[in-house]
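One structure is given below, encoded as structure tokens.
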Amino acid sequence: MAAKTAHSAPTPGPVPDPATGAAVKAADRAHVFHSWSAQGLIDPLAVAGAEGSYFWDYDGNRYLDFSSQLVNTNIGHQHPKVVAAIQEQAARLCTFAPGFAVDVRSEAARLVAERTPGDLDKIFFTNGGAEAVEHAVRMARLHTGRTKVLSTYRSYHGATAAAINLTGDPRRWASDTASAGVVHFWGPFLYRSPFHATDERQECERALAHLEQTIAFEGPQSIAAILLETVPGTAGIMVPPPGYLAGVREICDRYGIVFILDEVMAGFGRTGHWFAADHFGVTPDLLTFAKGVNSGYVPLGGVAISAAIAADFDQRPYPGGLTYSGHPLACASAVATITAMAEEGIVANAAAIGAEIIGPGLREIAERHACVGEVRGLGVFWAVELVKDKATREPLVPYNATGPANRPMADFAAACKRGGLWPFVNMNRTHVVPPCTITEAEAKEGLAILDEALSAADAHAMPRP
């Protein structure tokens, strides 16, 4: 059975207060500019509070958070140990420049390095995942003296200049300069194989052959790094087939290419291990992290650096930095988060909930619904692929659909919210990504709501024979 966690029982929401909710909404609409949005077309929910796996609005509606917000509240909302650590640090030392040795900064770095694979023992702190990717790429280019970086289609690496060019989904298009030294290639994804593979072995072999060919045509002497999400997140939670990441590691070693794994979303318990790389027995040269390192309570990210790359900067300065690198409040929250995860068995809980509840539950749901083409994932990191036709695998909505073309997914999302579930929806998928602290009862509650809401998507799919 799944492990029990100390931070699991939801607190009832406050007494409904629609007037305050309306005021919060009005101030938001008057002054807040929202990311990734057409400002005049959005209607953001006014949030009154949150606890554990739930949050609620000012009308008294409570939602089970199957999104973990942006797949970052790995320890749930308002974990008391982390809240207390932030408060205590604020009373003692709110901020200090990154050039000083600060106890919580050193301890946060030690705790991260203790859990990273291999010799990734030096930690450069950033404010989030995109900046971590920016600095990892800079380190790789400086280490190799080369410029090109390879990344996959169906990926997301952040919204800053280099990170958005490295991204392999439509969010890149508006900002793509076509001159950032980035080359995209196809990663493995058996359900929609670009290599016409019929099993995982073929998908692995053909994906590696495609990468080798891409390197050959781009010129291996020009390639600084290959950047991969260990398990791609927003793009679809496509768990790589056995042998693929080890194969990429071997290719990088052969050509002197730096191997970067992006664990911003997959790290810190999300897949049922501290890092997703642990599932595959690989050690990259650089590893980026953010989100789950402190569940987003205070902005924090970073790069874990191998001994060889760290040594490049023993006698020459690293040409990069941030005012808030290793911010004491953020580091205190990371220390408290990692400590709580270890003490409360939260990583083991994520593994058990995925193996015993979410995985089996989603596979049963898939059998009942015409719209479910595939379920896949690890730990509390799952995707449900929605299709018009199980036989042809045609997506329920077109790629990057908006407006009326996206109605089937909008109908599904609305049905989830009516049932008290806040979903993570992207393109033709819903992702099941609750906090790593979720209990068995909460997971079953969420799956029941999801099961019912999928009937709204079934209405747009081919009936089962």
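For the structure tokens, the naming scheme is as follows: chains receive sequential letters (A, B, ...) according to their order of presentation, residues are indexed from 1 within each chain, and ligands are indexed from 1 in presentation order.
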
Non-local contacts of Gln87 (chain A) (12 Å; only C-alpha atoms; under 2 positions in same chain excluded) as a ChimeraX atom specification: /A:80-85,89-94,297-298,328-330,332-333,336

Can you pull out the residues contacting Leu421 (chain A)? Cut-off 9 Å, using only C-alpha atoms, and skip same-chain residues under 4 positions away; I want them as a PyMOL selection string. chain A and resi 62-66+413+415-417+446+449-450

Restricting the output to N, CA and C atoms, write the selected residues as a PDB file, in the first residue's frame.
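Listing of part-v9.pdb after writing:
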```
ATOM      1  N   ARG A  62     -14.206  23.960  -3.633  1.00  0.00           N
ATOM      2  CA  ARG A  62     -12.910  23.361  -3.332  1.00  0.00           C
ATOM      3  C   ARG A  62     -12.504  22.439  -4.475  1.00  0.00           C
ATOM      4  N   TYR A  63     -11.224  22.473  -4.836  1.00  0.00           N
ATOM      5  CA  TYR A  63     -10.709  21.687  -5.956  1.00  0.00           C
ATOM      6  C   TYR A  63      -9.565  20.790  -5.494  1.00  0.00           C
ATOM      7  N   LEU A  64      -9.604  19.541  -5.926  1.00  0.00           N
ATOM      8  CA  LEU A  64      -8.471  18.639  -5.755  1.00  0.00           C
ATOM      9  C   LEU A  64      -7.455  18.982  -6.839  1.00  0.00           C
ATOM     10  N   ASP A  65      -6.255  19.344  -6.441  1.00  0.00           N
ATOM     11  CA  ASP A  65      -5.267  19.895  -7.373  1.00  0.00           C
ATOM     12  C   ASP A  65      -4.516  18.771  -8.079  1.00  0.00           C
ATOM     13  N   PHE A  66      -5.052  18.333  -9.213  1.00  0.00           N
ATOM     14  CA  PHE A  66      -4.398  17.302 -10.023  1.00  0.00           C
ATOM     15  C   PHE A  66      -3.393  17.903 -10.993  1.00  0.00           C
ATOM     16  N   ALA A 413     -12.216  19.820 -19.671  1.00  0.00           N
ATOM     17  CA  ALA A 413     -11.666  20.578 -18.550  1.00  0.00           C
ATOM     18  C   ALA A 413     -12.781  21.175 -17.695  1.00  0.00           C
ATOM     19  N   ALA A 415     -15.773  19.991 -17.313  1.00  0.00           N
ATOM     20  CA  ALA A 415     -16.417  18.907 -16.560  1.00  0.00           C
ATOM     21  C   ALA A 415     -15.587  18.530 -15.340  1.00  0.00           C
ATOM     22  N   CYS A 416     -14.251  18.543 -15.477  1.00  0.00           N
ATOM     23  CA  CYS A 416     -13.390  18.276 -14.322  1.00  0.00           C
ATOM     24  C   CYS A 416     -13.630  19.295 -13.218  1.00  0.00           C
ATOM     25  N   LYS A 417     -13.655  20.563 -13.589  1.00  0.00           N
ATOM     26  CA  LYS A 417     -13.800  21.626 -12.595  1.00  0.00           C
ATOM     27  C   LYS A 417     -15.174  21.579 -11.932  1.00  0.00           C
ATOM     28  N   GLY A 446      -9.799  11.684  -7.089  1.00  0.00           N
ATOM     29  CA  GLY A 446      -9.480  12.371  -8.328  1.00  0.00           C
ATOM     30  C   GLY A 446      -9.727  11.516  -9.551  1.00  0.00           C
ATOM     31  N   ILE A 449     -13.456  11.419 -10.358  1.00  0.00           N
ATOM     32  CA  ILE A 449     -13.916  12.637 -11.031  1.00  0.00           C
ATOM     33  C   ILE A 449     -13.436  12.655 -12.479  1.00  0.00           C
ATOM     34  N   LEU A 450     -12.184  12.277 -12.689  1.00  0.00           N
ATOM     35  CA  LEU A 450     -11.624  12.221 -14.040  1.00  0.00           C
ATOM     36  C   LEU A 450     -12.412  11.254 -14.907  1.00  0.00           C
TER      37      LEU A 450
END
```

So which residues touch Glu356 (chain A) within 12 Å, counting only C-alpha atoms, skipping near sequence neighbours fewer than 5 positions away, as a list in words? Met1, Ala2, Ala3, Ala348, Asn349, Ala350, Ala351, Gly361, Leu362, Arg363, Leu378, Gly379, Val380, Thr439, Glu440, Ala443 and Lys444 of chain A

Deliver the residues from the most recent selection as a file, using all heavy atoms, as an mmCIF file, in the first residue's frame.
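New file part_13.cif:
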```
data_model
loop_
_atom_site.group_PDB
_atom_site.id
_atom_site.type_symbol
_atom_site.label_atom_id
_atom_site.label_comp_id
_atom_site.auth_asym_id
_atom_site.auth_seq_id
_atom_site.Cartn_x
_atom_site.Cartn_y
_atom_site.Cartn_z
ATOM 1 N N MET A 1 0.844 -1.190 0.000
ATOM 2 C CA MET A 1 0.000 0.000 0.000
ATOM 3 C C MET A 1 0.883 1.245 0.000
ATOM 4 O O MET A 1 2.032 1.227 0.392
ATOM 5 C CB MET A 1 -0.904 0.007 1.237
ATOM 6 C CG MET A 1 -1.868 -1.158 1.284
ATOM 7 S SD MET A 1 -3.020 -1.160 -0.111
ATOM 8 C CE MET A 1 -4.025 0.245 0.337
ATOM 9 N N ALA A 2 0.281 2.379 -0.413
ATOM 10 C CA ALA A 2 1.023 3.624 -0.455
ATOM 11 C C ALA A 2 1.412 4.062 0.948
ATOM 12 O O ALA A 2 0.704 3.824 1.911
ATOM 13 C CB ALA A 2 0.181 4.716 -1.120
ATOM 14 N N ALA A 3 2.575 4.718 1.043
ATOM 15 C CA ALA A 3 3.031 5.237 2.323
ATOM 16 C C ALA A 3 2.137 6.374 2.781
ATOM 17 O O ALA A 3 1.512 7.054 1.985
ATOM 18 C CB ALA A 3 4.475 5.726 2.202
ATOM 19 N N ALA A 348 8.922 7.907 -1.712
ATOM 20 C CA ALA A 348 8.360 6.553 -1.729
ATOM 21 C C ALA A 348 6.849 6.587 -1.897
ATOM 22 O O ALA A 348 6.262 5.726 -2.573
ATOM 23 C CB ALA A 348 8.737 5.820 -0.442
ATOM 24 N N ASN A 349 6.204 7.575 -1.296
ATOM 25 C CA ASN A 349 4.755 7.711 -1.449
ATOM 26 C C ASN A 349 4.389 7.947 -2.907
ATOM 27 O O ASN A 349 3.444 7.346 -3.436
ATOM 28 C CB ASN A 349 4.227 8.865 -0.591
ATOM 29 C CG ASN A 349 2.713 8.947 -0.610
ATOM 30 O OD1 ASN A 349 2.020 8.089 -0.076
ATOM 31 N ND2 ASN A 349 2.186 9.980 -1.256
ATOM 32 N N ALA A 350 5.137 8.818 -3.582
ATOM 33 C CA ALA A 350 4.873 9.082 -4.999
ATOM 34 C C ALA A 350 5.019 7.812 -5.834
ATOM 35 O O ALA A 350 4.203 7.535 -6.721
ATOM 36 C CB ALA A 350 5.815 10.168 -5.520
ATOM 37 N N ALA A 351 6.055 7.035 -5.549
ATOM 38 C CA ALA A 351 6.264 5.788 -6.289
ATOM 39 C C ALA A 351 5.118 4.817 -6.052
ATOM 40 O O ALA A 351 4.597 4.195 -6.995
ATOM 41 C CB ALA A 351 7.597 5.156 -5.879
ATOM 42 N N GLY A 361 -5.418 2.546 -12.033
ATOM 43 C CA GLY A 361 -6.683 3.249 -12.175
ATOM 44 C C GLY A 361 -6.854 3.850 -13.553
ATOM 45 O O GLY A 361 -7.944 3.765 -14.163
ATOM 46 N N LEU A 362 -5.805 4.455 -14.082
ATOM 47 C CA LEU A 362 -5.889 5.043 -15.423
ATOM 48 C C LEU A 362 -6.045 3.971 -16.492
ATOM 49 O O LEU A 362 -6.753 4.179 -17.491
ATOM 50 C CB LEU A 362 -4.649 5.900 -15.696
ATOM 51 C CG LEU A 362 -4.545 7.221 -14.939
ATOM 52 C CD1 LEU A 362 -3.242 7.924 -15.276
ATOM 53 C CD2 LEU A 362 -5.735 8.133 -15.253
ATOM 54 N N ARG A 363 -5.404 2.832 -16.301
ATOM 55 C CA ARG A 363 -5.558 1.769 -17.301
ATOM 56 C C ARG A 363 -6.993 1.229 -17.311
ATOM 57 O O ARG A 363 -7.539 0.912 -18.377
ATOM 58 C CB ARG A 363 -4.532 0.663 -17.039
ATOM 59 C CG ARG A 363 -3.113 1.075 -17.455
ATOM 60 C CD ARG A 363 -2.119 -0.058 -17.351
ATOM 61 N NE ARG A 363 -1.644 -0.237 -15.985
ATOM 62 C CZ ARG A 363 -0.575 0.367 -15.473
ATOM 63 N NH1 ARG A 363 0.119 1.219 -16.196
ATOM 64 N NH2 ARG A 363 -0.196 0.133 -14.223
ATOM 65 N N LEU A 378 5.065 7.612 -14.681
ATOM 66 C CA LEU A 378 5.805 7.077 -13.538
ATOM 67 C C LEU A 378 5.442 7.903 -12.312
ATOM 68 O O LEU A 378 5.210 9.117 -12.418
ATOM 69 C CB LEU A 378 7.320 7.199 -13.750
ATOM 70 C CG LEU A 378 7.982 6.391 -14.864
ATOM 71 C CD1 LEU A 378 9.387 6.946 -15.122
ATOM 72 C CD2 LEU A 378 8.052 4.924 -14.493
ATOM 73 N N GLY A 379 5.420 7.284 -11.149
ATOM 74 C CA GLY A 379 5.192 8.032 -9.918
ATOM 75 C C GLY A 379 3.888 8.801 -9.978
ATOM 76 O O GLY A 379 2.821 8.232 -10.233
ATOM 77 N N VAL A 380 3.954 10.111 -9.726
ATOM 78 C CA VAL A 380 2.774 10.972 -9.856
ATOM 79 C C VAL A 380 2.972 11.900 -11.057
ATOM 80 O O VAL A 380 2.780 13.112 -10.987
ATOM 81 C CB VAL A 380 2.501 11.759 -8.553
ATOM 82 C CG1 VAL A 380 1.924 10.850 -7.495
ATOM 83 C CG2 VAL A 380 3.760 12.452 -8.032
ATOM 84 N N THR A 439 -2.695 11.263 -0.896
ATOM 85 C CA THR A 439 -3.020 10.004 -0.242
ATOM 86 C C THR A 439 -3.749 9.081 -1.215
ATOM 87 O O THR A 439 -4.230 9.499 -2.278
ATOM 88 C CB THR A 439 -3.917 10.237 0.975
ATOM 89 O OG1 THR A 439 -5.182 10.748 0.529
ATOM 90 C CG2 THR A 439 -3.282 11.213 1.945
ATOM 91 N N GLU A 440 -3.856 7.821 -0.822
ATOM 92 C CA GLU A 440 -4.596 6.849 -1.623
ATOM 93 C C GLU A 440 -6.039 7.294 -1.817
ATOM 94 O O GLU A 440 -6.584 7.223 -2.936
ATOM 95 C CB GLU A 440 -4.534 5.487 -0.943
ATOM 96 C CG GLU A 440 -5.256 4.373 -1.680
ATOM 97 C CD GLU A 440 -5.114 3.037 -0.980
ATOM 98 O OE1 GLU A 440 -4.039 2.775 -0.401
ATOM 99 O OE2 GLU A 440 -6.088 2.262 -1.012
ATOM 100 N N ALA A 443 -6.193 10.248 -4.270
ATOM 101 C CA ALA A 443 -5.940 9.809 -5.635
ATOM 102 C C ALA A 443 -7.162 9.112 -6.222
ATOM 103 O O ALA A 443 -7.536 9.341 -7.388
ATOM 104 C CB ALA A 443 -4.722 8.888 -5.676
ATOM 105 N N LYS A 444 -7.802 8.269 -5.426
ATOM 106 C CA LYS A 444 -9.003 7.576 -5.905
ATOM 107 C C LYS A 444 -10.142 8.568 -6.144
ATOM 108 O O LYS A 444 -10.907 8.425 -7.117
ATOM 109 C CB LYS A 444 -9.421 6.503 -4.910
ATOM 110 C CG LYS A 444 -8.486 5.293 -4.905
ATOM 111 C CD LYS A 444 -8.944 4.240 -3.901
ATOM 112 C CE LYS A 444 -8.068 2.988 -3.981
ATOM 113 N NZ LYS A 444 -8.456 1.970 -2.977
#
```

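Excluding region 299-313 of chain A itself and same-chain residues fewer than 3 positions from it, the residues having an atom within 7 Å of it are Asp119, Leu120, Asp121, Lys122, Ile123, Phe124, Phe125, Thr126, Asn127, Gly128, Gly129, Ala132, Ala136, His143, Asp285, Leu286, Leu287, Thr288, Phe289, Ala290, Gly296, Arg316, Pro317, Tyr318 and Ala330 of chain A, counting only C-alpha atoms.
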
Please determine, counting only C-alpha atoms, which residue among A:Ile251, A:Ile338, A:Ala159, A:Val293 has the shortest atom-to-atom distance to Gln213 (chain A).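 Ranked by minimum distance to Gln213 (chain A), first place goes to A:Ile251.
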
Using only C-alpha atoms, can you tell me which of A:Asp103, A:Val384, A:Asp28, A:Thr95 comes closest to Asp43 (chain A)?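 Of all the options, A:Asp28 lies closest to Asp43 (chain A).
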
So which residues touch Arg254 (chain A) within 12 Å, counting only C-alpha atoms, skipping near sequence neighbours fewer than 6 positions away, as number ranges by chain? A: 212, 215, 220-221, 247-248

All strand (DSSP E) residues (DSSP, backbone) inside region 199-358 of chain A, as a VMD selection string: chain A and resid 223 to 229 258 to 262 286 to 289 301 to 305

According to DSSP computed on the backbone, where in region 179-334 of chain A is there helix (DSSP H, G or I)? Give the residues as an NGL selection string. :A and (190-192 or 200-218 or 220-222 or 244-255 or 277-280 or 291-293 or 307-311 or 328-334)

Taking into account only C-alpha atoms, which residue in the set A:Ala180, A:Cys331, A:Ile223, A:Ala383 is nearest to Phe96 (chain A)?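 Closest to Phe96 (chain A) of all the choices is A:Cys331.
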
Distance in Å - CA of Ser68 (chain A) versus CA of Pro360 (chain A): 20.6 Å

Taking only C-alpha atoms into account, name the residue in A:Gly359, A:Gly187, A:Gly168, A:Pro241 that is nearest to Cys204 (chain A).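 Closest to Cys204 (chain A) of all the choices is A:Pro241.
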
Please identify all polymer residues within 12 Å of Val375 (chain A), counting only C-alpha atoms, omitting same-chain residues fewer than 6 positions from it, and present them as a VMD selection string. chain A and resid 191 236 to 239 358 to 367 369 381 to 387 429 to 432

Would you mind telling me which residue in A:Val347, A:Val104, A:Ala130, A:Ala23 lies nearest to Gly267 (chain A) when using only C-alpha atoms? A:Val347

My list of candidates is A:Lys148, A:Gly326, A:Asp458, A:Asn428. Which is closest to Val102 (chain A) when distances are computed with only C-alpha atoms? A:Gly326

I'd like the contact shell of Leu208 (chain A) - 12 Å cut-off, only C-alpha atoms, skipping same-chain residues fewer than 2 positions apart - returned as a VMD selection string. chain A and resid 185 to 188 195 201 to 206 210 to 215 240 to 252

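One distance worth recording is that between CA of Val425 (chain A) and CA of Tyr399 (chain A), which is 13.3 Å.
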